[in-house]
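Participant: Starting off with a structure, shown below.
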Amino acid sequence: MRYGWFLLLLLPFLLAPFPFYLTLLNFFALSGLVALSLYVLTGLAGMTSFAQAAFMGMGAYATALLTVKAGLSPWFGLAAGLALSLLLALVLGGLTVRLKGHFLPLSTIAWQVALYILAGNLVGLTGGHTGLTDLPPLVLLGFPLDNAFRYGLLSLLVLVLAVLALHNLRFSRLGRALLALRGDALAAASFGVDPAALRLKAFLLAGAMAGLAGFLYAHFLRFVNPTPFSLEASIKYLVMAVAGGVGTIPGVLLGAALFTGLEDWLKDLLPLLLGRQGNYETIAYGLVLAGILLLAPQGLFPLLARFLPRKEGSLPRAEPLPLPAPSGARGEVVLEAQGLRKAFGGLLAVNGVFFALRRGEILALIGPNGAGKSTTFNLLTGAIPPDGGRVFLFGKEITGLPPHRIHPLGLGRTFQHPHLFPELSVLENAALGTYARTRAGFSRVLLGLHGEEEARALATAYRALKRVGLEGLALEPAARLTAGQQRLLEIARLLASGAEVLLLDEPAAGLRAGEKRELARLLKALAREGYTVLIVDHDMDLIMGLADRVVVMNYGEKIAEGTPEEVQRNPLVRAAYLGEAA
Ligand SMILES: Nc1ncnc2c1ncn2[C@@H]1O[C@H](COP(=O)(O)OP(=O)(O)OP(=O)(O)O)[C@@H](O)[C@H]1O
């Protein structure tokens with residue numbers, strides 16, 4: 001079905017008698033390529049860039065300078081254009097992907113404006129606003145692509161190949177990880193995604209795509225000047241992508257088609273309506289965008305997609321990745337907290353906490369509200385750095401390591417409020433757990449060479465879903481799950497990750513009595529198999545029936561440790577819980 005995109009290559013033949021439409025078709029394909037770069041950046045990774053036209057400019061000017069001024073072949077221009085756009089993405093992304101909130105889009109605006117001014121003012125190099133003319137045509141297999149028909153075949157071919165590559169990306173470990181990052185960076189990091197590195201790679205890919213579009217644009221018009229690479233142009237691409245539906249590939253292409261047509265139409269219509277010349281299109285774009293977003297907040301395509309037949313997914317059949325083979329002896333220390341301390345302002349949330357978690361046991365961490373349990377959890381998993389104390393995992397010091405470096409060592413966690421990704425299927429949510437166990441990088445994924453590994457990752461996720469009894473919902477969107485099922489799905493994601501040490505933050509919250517019994521049975525079975533569990537929960541019946549040992553905290557300090565019977569008899573514990581569970 002996805003190869004149906006190749007049908008786009010028929011368009012130049014259909015439009016051959018209409019040269020004007022052939023030109024528009026080329027503009028559609030090139031805008032589509034830039035809009036697809038925004039699918040990667042905004043649709044998948046959740047970042048906003050107002051600098052895509054500047055990346056196009058890199059591709060366009062690099063080839064113009066090399067071909068016109070140095071007389072080199074356009075293919076050198078392509079290589080230089082891609083290198084320059086990647087360099088810009090590296091600098092811009094490197095400086096900004098760690099920025100939060102509005103800082104990233106704002107800094108892309110600043111770069112976009114600066115580069116535009118530079119292109120206009122470096123007259124000796126770029127020809128200023130007059131630009132550079134007489135770029136040579138591209139020649140492919142001996143055919144000069146010197147008319148809109150031939151060029152259309154190339155630009156559409158590039159567009160279709162980009163669509164297929166991005167489809168591969170979406171249905172891969174990297175696509176899932178990018179979507180997870182967009183939703184919740186801490187959750188993504190907890191199964192091994194390095195947020196800054198992955199965001200930067202998305203930035204590089206999007207930059208290279210826009211640079212490629214710029215190269216093609218320059219050799220189509222055979223002329224470059226700064227205007228098509230302005231902030232206005234960047235806004236236009238963003239508007240296209242968002243209006244069509246930036247979260248889907250057909251959406252951004254629909255936006256590109258719509259706005260390419262609209263631009264042309266508005267250029268004729270607005271002067272007639274307003275009685276004077278001027279760049280009023282941008283205002284009209286804004287109005288059209290506002291209208292579309294009022295009607296369809298996710299863009300036009302998701303609105304239309306409701307009327308299209310829903311594609312049924314299929315259950316994985318491949319061989320799952322191997323189950324983790326616990327490597328040490330039962331009872332040996334696997335995770336150790338030594339004097340952990342954390343203060344928030346004047347509040348000592350965790351104050352000198354010591355305990356050790358032994359292979360194959362279920363250790364419960366309990367305490368009244370605000371005792372410091374979640375903070376301890378966050379210190380152990382690297383979500384926040386401690387002010388003092390040390391943490392060891394399998395004897396290796398992990399104090400201060402970020403979550404994405406701790407997870408691959410064999411530690412996985414769930415969250416107090418499940419961190420799932422509602423737009424992904426239940427199966428894909430579980431498959432996120434396999435991120436650190438799989439390897440395919442961007443080049444393998446974009447070329448579609450990750451199929452076998454992907455099938456095994458999905459099979460691993462399915463096996464984990466079976467383990468928690470959610471296999472019947474595998475293909476449903478995670479948004480449909482009940483609160484209890486969401487907690488089970490988080491555990492399935494952990495099991496798919498192959499982590500041996502499982503840290504569960506209030507896994508029974510929101511579960512019904514029967515579901516709690518099921519959960520207890522599952523955790524006991526896992527412990528028998530050699531998994532080690534640290535559990536925080538407020539349900540004393542569950543904890544006392546489940547845990548081998550209990551650590552009790554109050555006001556940030558450990559006040560007791562022992563078997564459930566021992567801690568229940570402990571007067572300090574009874575005092576701490578007076579009025580609560582005791
Ligand atoms: N990021 C933060 N900034 C400031 N104070 C915080 C922060 N996180 C936790 N605290 C405070 O630290 C103390 C310990 O909180 P923590 O969430 O670890 O307790 P808890 O035992 O998990 O409580 P609960 O059972 O209610 O989840 C509380 O007083 C809380 O208000």
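Chains: A, B, ... in order of the structure tokens. Residues: from 1 per chain. Ligands: from 1, in order shown.
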With only C-alpha atoms as the counted atoms, please give the residues lying no more than 9 Å from Leu92 of chain A, apart from itself and same-chain residues fewer than 2 positions off, as a list of chain:residue names.
Facilitator: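 Non-adjacent residues within range: A:Leu87, A:Leu88, A:Ala89, A:Leu90, A:Gly94, A:Leu95, A:Thr96, A:Val97, A:Ser107, A:Thr108, A:Trp111, A:Phe203.
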Participant: Once you have the residues from the selection above, write them out as a tab-separated table (two decimals), in the first residue's frame, restricted to C-alpha atoms.
Facilitator:
```
chain	number	residue	atom	x	y	z
A	87	LEU	CA	26.70	21.85	10.03
A	88	LEU	CA	24.05	24.50	10.64
A	89	ALA	CA	21.79	21.86	12.24
A	90	LEU	CA	24.68	20.71	14.41
A	94	GLY	CA	23.67	21.58	19.61
A	95	LEU	CA	22.98	24.96	21.15
A	96	THR	CA	19.25	24.62	21.44
A	97	VAL	CA	17.93	21.05	21.82
A	107	SER	CA	16.47	30.81	18.80
A	108	THR	CA	15.59	29.29	15.41
A	111	TRP	CA	19.30	32.22	13.32
A	203	PHE	CA	17.35	18.14	13.94
```
Participant: Grab me every residue within 7 Å of ligand 1, counting only C-alpha atoms and all ligand atoms, and send it over as a compact mmCIF listing (two decimals) with N, CA and C atoms, in the first residue's frame.
Facilitator:
```txt
# COMPACT_ATOMS: atom_id res chain seq x y z
N PHE A 344 15.16 19.94 48.96
CA PHE A 344 14.50 20.89 48.05
C PHE A 344 14.39 22.20 48.82
N LEU A 347 13.88 22.06 52.61
CA LEU A 347 13.24 20.80 53.02
C LEU A 347 14.13 19.61 52.70
N ALA A 349 14.17 16.27 51.86
CA ALA A 349 13.19 15.26 51.43
C ALA A 349 13.72 13.86 51.69
N GLY A 367 5.89 4.41 53.81
CA GLY A 367 5.98 5.58 54.69
C GLY A 367 4.78 6.46 54.44
N PRO A 368 4.47 7.34 55.38
CA PRO A 368 3.31 8.22 55.21
C PRO A 368 3.54 9.17 54.03
N ASN A 369 2.50 9.90 53.64
CA ASN A 369 2.62 10.87 52.55
C ASN A 369 3.74 11.85 52.83
N GLY A 370 4.54 12.11 51.80
CA GLY A 370 5.62 13.10 51.96
C GLY A 370 6.84 12.56 52.68
N ALA A 371 6.90 11.23 52.91
CA ALA A 371 8.02 10.66 53.67
C ALA A 371 9.32 10.68 52.87
N GLY A 372 9.21 10.81 51.52
CA GLY A 372 10.43 10.85 50.70
C GLY A 372 10.62 9.61 49.83
N LYS A 373 9.55 8.81 49.67
CA LYS A 373 9.68 7.56 48.91
C LYS A 373 9.92 7.84 47.43
N SER A 374 9.08 8.71 46.85
CA SER A 374 9.23 8.98 45.42
C SER A 374 10.56 9.66 45.15
N THR A 375 10.98 10.52 46.06
CA THR A 375 12.28 11.19 45.87
C THR A 375 13.39 10.14 45.89
N THR A 376 13.30 9.18 46.81
CA THR A 376 14.31 8.11 46.86
C THR A 376 14.32 7.35 45.53
N GLY A 556 11.77 11.83 55.48
CA GLY A 556 13.03 11.72 54.75
C GLY A 556 14.03 10.74 55.32
```
Participant: Kindly indicate which residue among A:Ala45, A:Gly472, A:Gly192, A:Leu523 lies nearest to Leu169 of chain A, using only C-alpha atoms for the distances.
Facilitator: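 Selected residue with least distance to Leu169 of chain A: A:Ala45.
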Participant: I'd like the neighbourhood of segment 429-437 of chain A as a list in words, where a residue qualifies if any of its atoms comes within 8 Å (using only C-alpha atoms), though same-chain residues fewer than 4 positions away should be ignored.
Facilitator: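 Close residues of segment 429-437 of chain A: Arg173, Arg176, Ala177, Phe191, Gly192, Val193, His407, Pro408, Leu420, Phe421, Leu424, Ser425, Ala457, Leu458, Thr460, Ala461, Tyr462, Ala464, Leu465, Ala478, Leu489, Glu490, Ala492, Arg493, Leu494, Leu495, Ala496, Ser497 and Gly498 of chain A.
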Participant: Give one line per residue of segment 211-234 of chain A that approaches segment 133-146 of chain A to at most 7 Å, naming the two atoms of the closest pair and their distance in Å to one decimal, counting only C-alpha atoms; sort by chain then ascending residue number and deliver it as a Markdown table.
Facilitator:
```
| residue | atom | partner | partner_atom | distance |
| --- | --- | --- | --- | --- |
| A:His219 | CA | A:Pro137 | CA | 5.8 |
| A:Arg222 | CA | A:Leu135 | CA | 4.5 |
| A:Phe223 | CA | A:Thr133 | CA | 4.5 |
| A:Val224 | CA | A:Thr133 | CA | 6.6 |
```
Participant: Deliver the residues from the most recent selection as a file, using N, CA and C atoms, as a PDB file, in the first residue's frame.
Facilitator:
```pdb
ATOM      1  N   HIS A 219      18.385  24.330  -8.521  1.00  0.00           N
ATOM      2  CA  HIS A 219      18.616  23.858  -9.893  1.00  0.00           C
ATOM      3  C   HIS A 219      17.330  23.807 -10.707  1.00  0.00           C
ATOM      4  N   ARG A 222      17.253  27.620 -11.351  1.00  0.00           N
ATOM      5  CA  ARG A 222      18.580  27.959 -11.886  1.00  0.00           C
ATOM      6  C   ARG A 222      18.962  29.400 -11.541  1.00  0.00           C
ATOM      7  N   PHE A 223      18.506  29.771 -10.343  1.00  0.00           N
ATOM      8  CA  PHE A 223      18.739  31.125  -9.868  1.00  0.00           C
ATOM      9  C   PHE A 223      18.501  31.111  -8.363  1.00  0.00           C
ATOM     10  N   VAL A 224      19.357  31.799  -7.610  1.00  0.00           N
ATOM     11  CA  VAL A 224      19.045  31.915  -6.173  1.00  0.00           C
ATOM     12  C   VAL A 224      19.152  33.365  -5.727  1.00  0.00           C
TER      13      VAL A 224
END
```
Participant: For each of A:Gly510, A:Ala479, A:Asp539, A:Gly530, take the minimum atom-to-atom distance to His419 of chain A, counting only C-alpha atoms, then give the residue where this is smallest.
Facilitator: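 Among the listed residues, A:Ala479 lies closest to His419 of chain A.
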Participant: Could you state the separation of atom CA of Arg521 of chain A and atom CA of Ile491 of chain A in Å, given to one decimal place?
Facilitator: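 Going from atom CA of Arg521 of chain A over to atom CA of Ile491 of chain A, I get 13.3 Å.
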